[in-house]
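One file, work21.txt, carrying compact mmCIF, C-alpha atoms:
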# COMPACT_ATOMS: atom_id res chain seq x y z
CA MET A 1 -125.52 123.52 35.50
CA GLU A 2 -123.54 125.91 33.29
CA TYR A 3 -119.98 124.95 32.40
CA ASN A 4 -117.74 124.65 29.35
CA LYS A 5 -118.82 121.28 27.92
CA ARG A 6 -116.07 121.15 25.26
CA LEU A 7 -113.48 121.83 27.94
CA PHE A 8 -114.99 119.06 30.10
CA GLU A 9 -114.84 116.56 27.22
CA SER A 10 -111.20 117.43 26.49
CA LEU A 11 -110.27 117.01 30.14
CA GLU A 12 -112.18 113.74 30.42
CA SER A 13 -110.28 112.35 27.44
CA ILE A 14 -106.92 113.37 28.95
CA SER A 15 -107.90 111.91 32.32
CA ASN A 16 -108.82 108.58 30.74
CA LYS A 17 -105.51 108.57 28.86
CA TYR A 18 -103.69 109.32 32.13
CA LEU A 19 -105.32 106.30 33.82
CA GLU A 20 -104.50 104.12 30.80
CA LEU A 21 -100.84 105.19 30.86
CA ASN A 22 -100.57 104.31 34.55
CA LYS A 23 -101.86 100.82 33.75
CA GLN A 24 -99.25 100.48 31.00
CA LEU A 25 -96.52 101.22 33.54
CA GLU A 26 -97.49 98.06 35.41
CA SER A 27 -96.25 96.02 32.46
CA ALA A 28 -92.72 94.84 33.23
CA SER A 29 -92.11 93.81 29.62
CA LEU A 30 -91.91 97.34 28.18
CA PRO A 31 -88.46 98.56 27.03
CA ILE A 32 -86.80 101.38 28.98
CA SER A 33 -87.23 103.87 26.11
CA GLN A 34 -90.99 103.28 26.06
CA LEU A 35 -91.24 103.47 29.86
CA THR A 36 -89.38 106.80 29.76
CA GLU A 37 -91.81 108.17 27.16
CA ILE A 38 -94.83 106.97 29.17
CA ASN A 39 -93.47 108.64 32.30
CA LYS A 40 -93.04 111.92 30.39
CA GLN A 41 -96.66 111.75 29.21
CA ILE A 42 -97.88 110.95 32.72
CA LYS A 43 -95.94 113.89 34.13
CA HIS A 44 -97.63 116.23 31.64
CA ALA A 45 -101.13 114.74 32.13
CA ALA A 46 -101.07 114.46 35.94
CA PRO A 47 -101.94 118.13 36.72
CA LEU A 48 -104.79 118.01 34.18
CA HIS A 49 -106.11 114.78 35.69
CA GLU A 50 -106.16 116.39 39.15
CA LYS A 51 -107.91 119.49 37.80
CA PHE A 52 -110.46 117.28 36.02
CA LEU A 53 -111.36 115.55 39.28
CA GLU A 54 -111.78 118.95 40.94
CA TYR A 55 -113.79 120.30 37.99
CA LYS A 56 -116.03 117.23 37.80
CA LYS A 57 -116.74 117.34 41.53
CA LEU A 58 -117.86 120.97 41.30
CA ILE A 59 -120.12 120.20 38.32
CA ASP A 60 -121.61 117.13 39.99
CA ASN A 61 -122.26 119.04 43.23
CA GLY A 62 -123.77 121.94 41.28
CA SER A 63 -126.07 119.61 39.33
CA GLN A 64 -127.15 117.97 42.58
CA ASP A 65 -127.95 121.38 44.09
CA GLU A 66 -130.05 122.28 41.05
CA LYS A 67 -132.06 119.08 41.50
CA ILE A 68 -132.67 119.99 45.13
CA LEU A 69 -133.87 123.46 44.13
CA ALA A 70 -136.20 121.96 41.52
CA ASN A 71 -137.67 119.15 43.59
CA GLU A 72 -137.36 119.85 47.33
CA SER A 73 -139.79 121.82 49.47
CA ASP A 74 -137.74 121.98 52.69
CA LYS A 75 -136.72 125.65 53.10
CA ASP A 76 -133.53 124.95 55.04
CA LEU A 77 -132.38 122.42 52.45
CA ILE A 78 -133.23 124.81 49.61
CA ASP A 79 -131.32 127.67 51.27
CA LEU A 80 -128.29 125.44 51.80
CA ALA A 81 -128.38 124.21 48.19
CA LYS A 82 -128.76 127.75 46.84
CA MET A 83 -125.81 128.99 48.91
CA GLU A 84 -123.60 126.12 47.76
CA LEU A 85 -124.67 126.55 44.12
CA ASP A 86 -123.84 130.27 44.19
CA GLU A 87 -120.38 129.46 45.56
CA ILE A 88 -119.80 126.79 42.89
CA LYS A 89 -120.79 129.23 40.14
CA THR A 90 -118.06 131.64 41.33
CA GLN A 91 -115.46 128.85 41.51
CA ILE A 92 -115.96 127.38 38.03
CA PRO A 93 -114.79 130.31 35.80
CA PRO A 94 -111.35 130.78 37.47
CA LEU A 95 -110.87 127.00 37.55
CA GLU A 96 -111.63 126.85 33.81
CA GLU A 97 -108.97 129.52 33.19
CA GLN A 98 -106.42 127.50 35.16
CA ILE A 99 -107.31 124.42 33.13
CA LYS A 100 -106.97 126.28 29.83
CA ILE A 101 -103.44 127.33 30.78
CA LEU A 102 -102.57 123.68 31.49
CA LEU A 103 -104.07 122.73 28.11
CA LEU A 104 -101.86 125.14 26.18
CA PRO A 105 -99.59 123.39 23.66
CA VAL A 106 -96.23 122.63 25.21
CA ASP A 107 -93.06 123.30 23.24
CA PRO A 108 -91.59 119.78 22.86
CA ASN A 109 -88.13 121.24 23.36
CA ASN A 110 -88.86 122.97 26.69
CA GLU A 111 -87.17 120.30 28.80
CA LYS A 112 -84.04 120.13 26.66
CA ASN A 113 -80.63 121.52 27.44
CA VAL A 114 -79.44 124.28 25.13
CA ILE A 115 -76.51 125.36 23.01
CA VAL A 116 -76.03 129.12 22.99
CA GLU A 117 -74.08 131.09 20.39
CA MET A 118 -73.11 134.71 21.16
CA ARG A 119 -71.38 137.03 18.69
CA PRO A 120 -70.61 140.76 18.42
CA GLY A 121 -72.85 142.72 16.04
CA ALA A 122 -72.50 146.42 15.33
CA GLY A 123 -70.25 148.55 17.50
CA GLY A 124 -66.70 147.21 17.23
CA ASP A 125 -64.78 146.63 20.47
CA GLU A 126 -67.70 147.69 22.65
CA SER A 127 -69.80 144.93 21.09
CA SER A 128 -67.13 142.32 21.91
CA ILE A 129 -67.01 143.58 25.48
CA PHE A 130 -70.77 143.25 25.89
CA VAL A 131 -70.69 139.65 24.67
CA ALA A 132 -68.47 138.94 27.66
CA ASP A 133 -70.68 141.00 30.01
CA LEU A 134 -73.91 139.28 28.98
CA PHE A 135 -72.22 135.87 29.11
CA ASP A 136 -71.34 136.63 32.75
CA THR A 137 -75.02 137.47 33.33
CA TYR A 138 -76.06 134.12 31.87
CA LYS A 139 -73.56 132.36 34.12
CA ARG A 140 -75.05 134.03 37.19
CA PHE A 141 -78.60 133.27 36.01
CA ALA A 142 -77.71 129.62 35.40
CA ASP A 143 -76.20 129.38 38.87
CA LYS A 144 -79.41 130.75 40.44
CA GLN A 145 -81.43 128.13 38.49
CA GLY A 146 -79.13 125.29 39.53
CA TRP A 147 -78.01 124.79 35.92
CA LYS A 148 -74.51 124.00 34.68
CA ILE A 149 -72.60 125.86 31.96
CA LYS A 150 -69.88 124.33 29.81
CA ILE A 151 -67.95 126.32 27.20
CA MET A 152 -67.87 124.45 23.89
CA ASP A 153 -65.90 126.84 21.67
CA ILE A 154 -64.58 130.34 22.18
CA SER A 155 -62.49 133.00 20.45
CA GLN A 156 -61.22 135.84 22.60
CA ASN A 157 -59.67 139.14 21.65
CA SER A 158 -58.06 141.97 23.61
CA CYS A 159 -61.49 143.40 24.55
CA GLY A 160 -63.88 140.50 24.87
CA TYR A 161 -65.12 137.70 22.63
CA ASP A 162 -65.20 137.26 18.87
CA TYR A 163 -67.69 134.49 19.57
CA ILE A 164 -68.57 131.96 22.25
CA TYR A 165 -70.51 128.71 22.11
CA PHE A 166 -71.62 127.14 25.38
CA ASN A 167 -73.94 124.47 26.69
CA ILE A 168 -76.41 124.94 29.56
CA SER A 169 -77.78 121.79 31.18
CA GLY A 170 -80.40 121.38 33.87
CA GLN A 171 -84.16 121.33 34.41
CA GLU A 172 -86.27 122.84 31.59
CA VAL A 173 -83.46 125.09 30.35
CA TYR A 174 -84.89 125.77 26.89
CA SER A 175 -88.26 126.84 28.35
CA LYS A 176 -86.58 129.95 29.74
CA MET A 177 -83.46 130.51 27.68
CA LYS A 178 -85.35 130.48 24.34
CA PHE A 179 -86.50 134.02 25.12
CA GLU A 180 -82.87 135.23 24.95
CA SER A 181 -82.62 134.61 21.21
CA GLY A 182 -82.25 137.78 19.20
CA VAL A 183 -80.37 141.08 18.98
CA HIS A 184 -79.39 142.68 22.27
CA ARG A 185 -78.60 146.40 22.13
CA VAL A 186 -76.41 148.16 24.68
CA GLN A 187 -76.10 151.91 25.23
CA ARG A 188 -73.26 153.12 27.42
CA VAL A 189 -70.08 155.20 27.56
CA PRO A 190 -67.11 153.03 26.53
CA ALA A 191 -64.03 153.08 28.74
CA THR A 192 -62.08 154.45 25.78
CA GLU A 193 -64.49 157.37 25.23
CA SER A 194 -62.72 160.53 26.41
CA LYS A 195 -65.68 162.90 25.87
CA GLY A 196 -68.23 160.85 27.75
CA ARG A 197 -70.45 160.19 24.75
CA VAL A 198 -72.92 157.29 24.85
CA HIS A 199 -72.26 154.65 22.17
CA THR A 200 -74.78 152.11 20.86
CA SER A 201 -73.72 148.60 19.92
CA THR A 202 -75.33 145.22 19.48
CA ILE A 203 -74.64 141.53 19.95
CA THR A 204 -76.51 138.49 18.65
CA VAL A 205 -77.65 135.54 20.74
CA ALA A 206 -78.94 132.27 19.25
CA VAL A 207 -80.37 129.61 21.56
CA LEU A 208 -80.80 126.11 20.12
CA PRO A 209 -82.21 123.05 21.92
CA GLU A 210 -79.59 120.33 22.30
CA PHE A 211 -80.29 117.18 20.30
CA ASP A 212 -78.68 113.78 19.97
CA ALA A 213 -78.80 110.80 17.63
CA VAL A 214 -82.32 109.88 18.76
CA ASP A 215 -83.69 113.18 17.43
CA VAL A 216 -81.50 113.76 14.38
CA LYS A 217 -80.05 111.04 12.17
CA ILE A 218 -76.53 111.49 10.76
CA ASN A 219 -74.79 109.16 8.34
CA PRO A 220 -71.14 108.81 9.51
CA ALA A 221 -70.10 108.65 5.85
CA ASP A 222 -71.32 112.24 5.44
CA LEU A 223 -68.81 113.59 7.97
CA ARG A 224 -65.31 114.95 7.45
CA ILE A 225 -63.45 115.09 10.76
CA ASP A 226 -60.27 117.14 11.08
CA THR A 227 -58.01 117.50 14.09
CA TYR A 228 -55.63 120.35 14.81
CA ARG A 229 -53.66 121.91 17.63
CA ALA A 230 -55.66 123.99 20.09
CA SER A 231 -54.77 127.66 20.22
CA GLY A 232 -54.32 129.88 23.25
CA ALA A 233 -52.76 129.32 26.65
CA GLY A 234 -52.22 125.69 27.52
CA GLY A 235 -48.53 124.85 27.67
CA GLN A 236 -47.35 121.52 26.36
CA HIS A 237 -50.89 120.21 25.77
CA VAL A 238 -51.56 123.00 23.31
CA ASN A 239 -48.23 122.75 21.53
CA ARG A 240 -47.85 118.99 21.15
CA THR A 241 -51.26 117.37 20.77
CA GLU A 242 -53.88 117.78 18.09
CA SER A 243 -56.84 117.71 20.48
CA ALA A 244 -59.03 120.31 18.75
CA VAL A 245 -61.70 118.89 16.44
CA ARG A 246 -63.55 120.29 13.44
CA ILE A 247 -66.45 118.36 11.89
CA THR A 248 -67.95 119.18 8.51
CA HIS A 249 -71.31 117.74 7.45
CA ILE A 250 -70.58 117.39 3.74
CA PRO A 251 -74.17 117.34 2.33
CA THR A 252 -75.14 120.59 4.06
CA GLY A 253 -71.79 122.30 4.54
CA VAL A 254 -72.46 122.80 8.27
CA VAL A 255 -69.18 123.14 10.18
CA VAL A 256 -68.68 122.91 13.95
CA SER A 257 -65.49 122.96 15.99
CA CYS A 258 -64.34 122.62 19.59
CA GLN A 259 -61.01 122.92 21.36
CA GLU A 260 -62.08 123.48 24.96
CA GLY A 261 -62.14 119.83 26.06
CA LYS A 262 -59.21 118.03 27.66
CA SER A 263 -59.02 115.39 24.95
CA GLN A 264 -59.75 114.83 21.31
CA PHE A 265 -62.51 112.40 22.30
CA GLU A 266 -64.23 115.00 24.50
CA ASN A 267 -64.00 117.66 21.79
CA ARG A 268 -65.40 115.27 19.20
CA ASP A 269 -68.36 114.45 21.47
CA THR A 270 -69.03 118.17 21.98
CA CYS A 271 -68.83 118.81 18.24
CA MET A 272 -71.41 116.11 17.57
CA LYS A 273 -73.84 117.71 20.03
CA MET A 274 -73.41 121.04 18.27
CA LEU A 275 -73.86 119.37 14.88
CA TYR A 276 -77.09 117.61 15.89
CA SER A 277 -78.58 120.93 17.00
CA LYS A 278 -77.39 122.76 13.88
CA LEU A 279 -78.84 120.08 11.59
CA TRP A 280 -82.12 120.09 13.52
CA GLU A 281 -82.24 123.84 12.94
CA LYS A 282 -81.71 123.26 9.23
CA GLN A 283 -84.44 120.60 9.11
CA GLU A 284 -86.88 122.94 10.84
CA THR A 285 -86.07 125.58 8.23
CA GLU A 286 -86.84 123.21 5.39
CA ARG A 287 -90.15 122.17 6.99
CA ASN A 288 -91.38 125.73 7.03
CA GLU A 289 -90.47 127.86 4.03
CA LYS A 290 -91.90 130.94 5.70
CA ILE A 291 -89.05 130.87 8.22
CA SER A 292 -85.66 131.46 6.66
CA SER A 293 -83.93 129.69 9.57
CA MET A 294 -84.19 129.59 13.33
CA ARG A 295 -80.91 131.39 13.83
CA LYS A 296 -81.57 134.10 11.24
CA SER A 297 -85.05 134.77 12.60
CA GLN A 298 -83.57 134.93 16.08
CA VAL A 299 -80.62 137.19 15.47
CA GLY A 300 -81.36 139.04 12.22
CA THR A 301 -78.38 140.84 10.79
CA GLY A 302 -77.12 142.38 14.03
CA ASP A 303 -77.98 145.87 12.83
CA ARG A 304 -78.70 148.48 15.52
CA SER A 305 -82.30 148.89 14.32
CA GLU A 306 -83.11 145.24 15.07
CA LYS A 307 -83.39 144.37 18.73
CA ILE A 308 -85.36 142.39 21.28
CA ARG A 309 -83.89 144.19 24.29
CA THR A 310 -81.99 147.38 25.12
CA TYR A 311 -79.59 147.81 28.04
CA ASN A 312 -79.19 151.53 28.85
CA TYR A 313 -76.37 151.93 31.36
CA PRO A 314 -76.51 155.72 31.94
CA GLN A 315 -80.16 155.43 33.00
CA ASN A 316 -79.80 152.01 34.67
CA ARG A 317 -82.68 150.85 32.46
CA VAL A 318 -83.45 147.65 30.57
CA THR A 319 -86.31 147.39 28.07
CA ASP A 320 -87.66 144.26 26.42
CA HIS A 321 -89.24 145.54 23.22
CA ARG A 322 -91.33 142.41 22.55
CA ILE A 323 -93.69 143.12 25.46
CA GLY A 324 -92.88 146.79 26.17
CA LEU A 325 -91.42 145.95 29.58
CA THR A 326 -89.08 148.54 31.15
CA LEU A 327 -87.24 148.01 34.42
CA ASN A 328 -85.07 150.66 36.06
CA LYS A 329 -82.77 148.13 37.63
CA LEU A 330 -80.25 147.19 34.96
CA ASP A 331 -77.55 146.70 37.59
CA GLN A 332 -79.64 143.98 39.26
CA ILE A 333 -80.59 142.32 35.97
CA MET A 334 -76.92 142.02 34.99
CA GLN A 335 -76.30 140.20 38.27
CA GLY A 336 -78.32 137.31 36.88
CA ASN A 337 -81.86 138.30 37.93
CA LEU A 338 -83.27 137.56 34.48
CA ASP A 339 -86.46 136.00 35.86
CA GLU A 340 -87.84 139.53 36.19
CA ILE A 341 -87.82 139.72 32.39
CA ILE A 342 -88.35 136.07 31.46
CA ASP A 343 -91.41 135.48 33.67
CA PRO A 344 -93.41 138.29 31.97
CA LEU A 345 -92.33 136.90 28.57
CA ILE A 346 -93.66 133.47 29.57
CA ALA A 347 -96.94 135.07 30.72
CA ASP A 348 -97.20 136.93 27.41
CA GLU A 349 -96.65 133.69 25.49
CA GLN A 350 -99.41 132.01 27.52
CA THR A 351 -101.79 134.89 26.80
CA ARG A 352 -101.11 134.62 23.07
CA LEU A 353 -101.60 130.87 23.07
CA MET A 354 -104.80 131.24 25.12
CA SER A 355 -106.26 133.46 22.41
CA GLU A 356 -105.60 130.68 19.89
CA LEU A 357 -107.07 127.92 22.07
CA LYS A 358 -110.35 126.73 20.51
CA ILE A 359 -112.09 125.66 23.72
Please re-express this file's structure in structure tokens.
Amino acid sequence: MEYNKRLFESLESISNKYLELNKQLESASLPISQLTEINKQIKHAAPLHEKFLEYKKLIDNGSQDEKILANESDKDLIDLAKMELDEIKTQIPPLEEQIKILLLPVDPNNEKNVIVEMRPGAGGDESSIFVADLFDTYKRFADKQGWKIKIMDISQNSCGYDYIYFNISGQEVYSKMKFESGVHRVQRVPATESKGRVHTSTITVAVLPEFDAVDVKINPADLRIDTYRASGAGGQHVNRTESAVRITHIPTGVVVSCQEGKSQFENRDTCMKMLYSKLWEKQETERNEKISSMRKSQVGTGDRSEKIRTYNYPQNRVTDHRIGLTLNKLDQIMQGNLDEIIDPLIADEQTRLMSELKI
């Protein structure tokens, strides 16, 4: 019976581990943190365990049919075995491809919430305006996914945003939003353009997984915490209370701030979430000298020549340059239908990882 023996051995090992983990869950003495980790591993291994049972059954049935063909003399039984074996041989290759996809390495951050930073790049006022436009797109996309958005820090100007930090929470947010990191280029006629000329501008988007104290350790003695009065509309709360918070991590010089919460305590909590993610980013940089930093590799310099995606308003066209995908439905994409771009990016990532899979 022909099948991928290395693939079978890998699946068998995962299946045995899956059964072992389920036995561990029966132990009432395990701490909650360990039970949570076991449940996460079971969730990941369960589909592979089911596929292994299906794969093993096909192989066992095929081997049995081969024995019948080799040893039986009854014509009807031989014909039946041959027909079943031919069908099994057509079922195994596509099943092996499905299994390989499930075996692809999973980004450990895929299930995390994210912190997104958006800033204008080249293009002046038009760039600030597009930060606001794309932020609205992300809000619509998040709503369609059942995710929640919370603004962490923001600076507005007369046109749009100087910058905006926000959190997105929900199911497997990073697995999709990570593809938004980079330079986004927009081509359109600004409202202030009297001659109808198309202008090109850019914005930068950085998407970081959200971390907490479990993932990144911070010594409280290394922090300088400043409070100040929030700016912008807000009446007496803005004028009389120092609710805004700025935290500086002294050893690294990383600074985060927040003034969007209703209290100093809430803003401090938000700042710490931002700081954990920023320090994780820095740690990742130091682990791999080939990568200057996650944010820099994501957003580059913001120059017009660097881009992951172009939004062409006159032609109602959006192009993702990483996979050469062009859709003539920019108006629909900006309404939050980003799955039409993100799903092909996920498929492309799977194809790349498949080529690296040594099975």
Nearest to A:Asp65, restricted to only C-alpha atoms and choosing among A:Lys40, A:Lys82, A:Lys329, A:Lys282, comes out as A:Lys82
Skipping near chain neighbours, those fewer than 3 positions away, what residues fall within 10 Å of stretch 51-55 of chain A using all atoms listed in the file, listed as an MDAnalysis selection string? chainID A and resid 3 7:15 46:48 58:60 91:92 95:96 98:99 102
What separates atom CA of A:Asn219 and atom CA of A:Leu30 is a distance of 28.7 Å
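Proximity ranking of A:Pro93, A:Pro31, A:Gly62, A:Gly124 relative to A:His199 places A:Gly124 first, based on all atoms listed in the file.
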Selection: 7 Å around stretch 259-266 of chain A, all atoms listed in the file, excl. self and same-chain fewer than 6 positions, as a tab-separated table (two decimals) with C-alpha atoms, in the frame of the given file:
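And here is the file that came out, selection.tsv:
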chain	number	residue	atom	x	y	z
A	151	ILE	CA	-67.95	126.32	27.20
A	152	MET	CA	-67.87	124.45	23.89
A	153	ASP	CA	-65.90	126.84	21.67
A	230	ALA	CA	-55.66	123.99	20.09
A	243	SER	CA	-56.84	117.71	20.48
A	244	ALA	CA	-59.03	120.31	18.75
A	245	VAL	CA	-61.70	118.89	16.44
Students should find that atom CA of A:Arg317 and atom CA of A:Leu330 are spaced 5.1 Å
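Proximity of A:Ile68, A:Leu21, A:Phe141, A:Trp280 to A:Glu37, computed with all atoms listed in the file, is greatest for A:Leu21.
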*asked:* Report, in Å to a single decimal, how far apart atom CA of A:Ile101 and atom CA of A:Asn39 are.
replied: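 These atoms are spaced 21.2 Å apart.
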Write out as a ChimeraX atom specification the residues lying within 9 Å of A:Met272, counting only C-alpha atoms and excluding same-chain residues fewer than 3 positions away.
/A:212,247,256,267-269,275-277
Restricting to only C-alpha atoms, whichever of A:Leu134, A:Gly121, A:Pro251, A:Val114 is closest to A:Gln171 is A:Val114
So for stretch 321-335 of chain A, what box centre and size do we get, axis-aligned, 8 Å extra on each of the six sides, every listed atom, Å to one decimal, as lines of an AutoDock Vina configuration file?
center_x = -85.0
center_y = 145.4
center_z = 30.9
size_x = 33.4
size_y = 26.5
size_z = 32.7
A:Ala122 proximity check over A:Met274, A:Val183, A:Ala206, A:Cys258, using only C-alpha atoms: winner is A:Val183
* Please provide the set of residues having any atom within 7 Å of stretch 16-19 of chain A, restricted to only C-alpha atoms, with same-chain residues fewer than 5 positions apart removed, written as a PyMOL selection string. => chain A and resi 42+45-46+49
Within 6 Å of A:Arg185 using all atoms listed in the file, minus same-chain residues under 3 positions, as a PDB file with C-alpha atoms, in the frame of the given file:
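Okay, this is what ended up in out30.pdb:
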ATOM      1  CA  SER A 201     -73.720 148.600  19.920  1.00  0.00           C
ATOM      2  CA  THR A 202     -75.330 145.220  19.480  1.00  0.00           C
ATOM      3  CA  THR A 310     -81.990 147.380  25.120  1.00  0.00           C
TER       4      THR A 310
END
**Q.** Minimum-distance residue to A:Glu172, chosen among A:Asp133, A:Asp348, A:Glu210, A:Asp86 (using all atoms listed in the file)
**A.**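 Comparing A:Asp133, A:Asp348, A:Glu210, A:Asp86 against A:Glu172, the winner is A:Glu210.
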Around (-77.4, 128.8, 21.2) in the file's own coordinates, what residues are found within 7 Å if you use all atoms listed in the file, given back as a VMD selection string? chain A and resid 114 to 117 165 205 to 208
Save the residues we just selected, C-alpha atoms, as an mmCIF file, in the coordinates of the input?
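The result, stored in out-v3.cif:
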data_model
loop_
_atom_site.group_PDB
_atom_site.id
_atom_site.type_symbol
_atom_site.label_atom_id
_atom_site.label_comp_id
_atom_site.auth_asym_id
_atom_site.auth_seq_id
_atom_site.Cartn_x
_atom_site.Cartn_y
_atom_site.Cartn_z
ATOM 1 C CA VAL A 114 -79.440 124.280 25.130
ATOM 2 C CA ILE A 115 -76.510 125.360 23.010
ATOM 3 C CA VAL A 116 -76.030 129.120 22.990
ATOM 4 C CA GLU A 117 -74.080 131.090 20.390
ATOM 5 C CA TYR A 165 -70.510 128.710 22.110
ATOM 6 C CA VAL A 205 -77.650 135.540 20.740
ATOM 7 C CA ALA A 206 -78.940 132.270 19.250
ATOM 8 C CA VAL A 207 -80.370 129.610 21.560
ATOM 9 C CA LEU A 208 -80.800 126.110 20.120
#
Got a sec to write stretch 109-116 of chain A of the block to a file, all heavy atoms, as a PDB file, in the first residue's frame?
ATOM      1  N   ASN A 109       1.437  33.655  17.920  1.00  0.00           N
ATOM      2  CA  ASN A 109       0.704  34.878  18.265  1.00  0.00           C
ATOM      3  C   ASN A 109      -0.664  34.982  17.580  1.00  0.00           C
ATOM      4  O   ASN A 109      -1.385  35.950  17.796  1.00  0.00           O
ATOM      5  CB  ASN A 109       1.537  36.104  17.881  1.00  0.00           C
ATOM      6  CG  ASN A 109       2.843  36.162  18.645  1.00  0.00           C
ATOM      7  OD1 ASN A 109       2.878  35.896  19.837  1.00  0.00           O
ATOM      8  ND2 ASN A 109       3.926  36.493  17.960  1.00  0.00           N
ATOM      9  N   ASN A 110      -1.014  33.994  16.743  1.00  0.00           N
ATOM     10  CA  ASN A 110      -2.227  34.095  15.931  1.00  0.00           C
ATOM     11  C   ASN A 110      -3.497  34.359  16.738  1.00  0.00           C
ATOM     12  O   ASN A 110      -4.397  35.046  16.284  1.00  0.00           O
ATOM     13  CB  ASN A 110      -2.418  32.834  15.092  1.00  0.00           C
ATOM     14  CG  ASN A 110      -1.674  32.902  13.768  1.00  0.00           C
ATOM     15  OD1 ASN A 110      -1.154  33.958  13.399  1.00  0.00           O
ATOM     16  ND2 ASN A 110      -1.601  31.797  13.061  1.00  0.00           N
ATOM     17  N   GLU A 111      -3.571  33.802  17.934  1.00  0.00           N
ATOM     18  CA  GLU A 111      -4.795  33.942  18.725  1.00  0.00           C
ATOM     19  C   GLU A 111      -4.811  35.202  19.577  1.00  0.00           C
ATOM     20  O   GLU A 111      -5.793  35.475  20.269  1.00  0.00           O
ATOM     21  CB  GLU A 111      -4.981  32.707  19.617  1.00  0.00           C
ATOM     22  CG  GLU A 111      -5.200  31.421  18.822  1.00  0.00           C
ATOM     23  CD  GLU A 111      -5.528  30.241  19.715  1.00  0.00           C
ATOM     24  OE1 GLU A 111      -5.672  30.443  20.938  1.00  0.00           O
ATOM     25  OE2 GLU A 111      -5.631  29.122  19.191  1.00  0.00           O
ATOM     26  N   LYS A 112      -3.742  35.968  19.528  1.00  0.00           N
ATOM     27  CA  LYS A 112      -3.662  37.154  20.389  1.00  0.00           C
ATOM     28  C   LYS A 112      -4.449  38.332  19.828  1.00  0.00           C
ATOM     29  O   LYS A 112      -4.695  38.425  18.628  1.00  0.00           O
ATOM     30  CB  LYS A 112      -2.194  37.567  20.578  1.00  0.00           C
ATOM     31  CG  LYS A 112      -1.376  36.583  21.400  1.00  0.00           C
ATOM     32  CD  LYS A 112       0.011  37.125  21.676  1.00  0.00           C
ATOM     33  CE  LYS A 112       0.834  36.137  22.507  1.00  0.00           C
ATOM     34  NZ  LYS A 112       0.283  35.955  23.859  1.00  0.00           N
ATOM     35  N   ASN A 113      -4.831  39.218  20.739  1.00  0.00           N
ATOM     36  CA  ASN A 113      -5.364  40.515  20.336  1.00  0.00           C
ATOM     37  C   ASN A 113      -4.201  41.347  19.797  1.00  0.00           C
ATOM     38  O   ASN A 113      -3.038  40.954  19.928  1.00  0.00           O
ATOM     39  CB  ASN A 113      -6.014  41.221  21.529  1.00  0.00           C
ATOM     40  CG  ASN A 113      -7.187  40.437  22.085  1.00  0.00           C
ATOM     41  OD1 ASN A 113      -7.866  39.711  21.359  1.00  0.00           O
ATOM     42  ND2 ASN A 113      -7.423  40.567  23.383  1.00  0.00           N
ATOM     43  N   VAL A 114      -4.499  42.486  19.201  1.00  0.00           N
ATOM     44  CA  VAL A 114      -3.429  43.281  18.608  1.00  0.00           C
ATOM     45  C   VAL A 114      -3.489  44.739  19.044  1.00  0.00           C
ATOM     46  O   VAL A 114      -4.540  45.240  19.467  1.00  0.00           O
ATOM     47  CB  VAL A 114      -3.472  43.242  17.053  1.00  0.00           C
ATOM     48  CG1 VAL A 114      -3.347  41.813  16.547  1.00  0.00           C
ATOM     49  CG2 VAL A 114      -4.727  43.906  16.506  1.00  0.00           C
ATOM     50  N   ILE A 115      -2.332  45.383  18.926  1.00  0.00           N
ATOM     51  CA  ILE A 115      -2.227  46.832  19.054  1.00  0.00           C
ATOM     52  C   ILE A 115      -1.777  47.356  17.701  1.00  0.00           C
ATOM     53  O   ILE A 115      -0.769  46.901  17.161  1.00  0.00           O
ATOM     54  CB  ILE A 115      -1.233  47.233  20.151  1.00  0.00           C
ATOM     55  CG1 ILE A 115      -1.772  46.802  21.533  1.00  0.00           C
ATOM     56  CG2 ILE A 115      -0.976  48.738  20.134  1.00  0.00           C
ATOM     57  CD1 ILE A 115      -0.789  47.008  22.670  1.00  0.00           C
ATOM     58  N   VAL A 116      -2.536  48.270  17.144  1.00  0.00           N
ATOM     59  CA  VAL A 116      -2.258  48.802  15.814  1.00  0.00           C
ATOM     60  C   VAL A 116      -1.836  50.259  15.926  1.00  0.00           C
ATOM     61  O   VAL A 116      -2.465  51.049  16.647  1.00  0.00           O
ATOM     62  CB  VAL A 116      -3.489  48.696  14.888  1.00  0.00           C
ATOM     63  CG1 VAL A 116      -3.135  49.178  13.481  1.00  0.00           C
ATOM     64  CG2 VAL A 116      -4.000  47.260  14.843  1.00  0.00           C
TER      65      VAL A 116
END
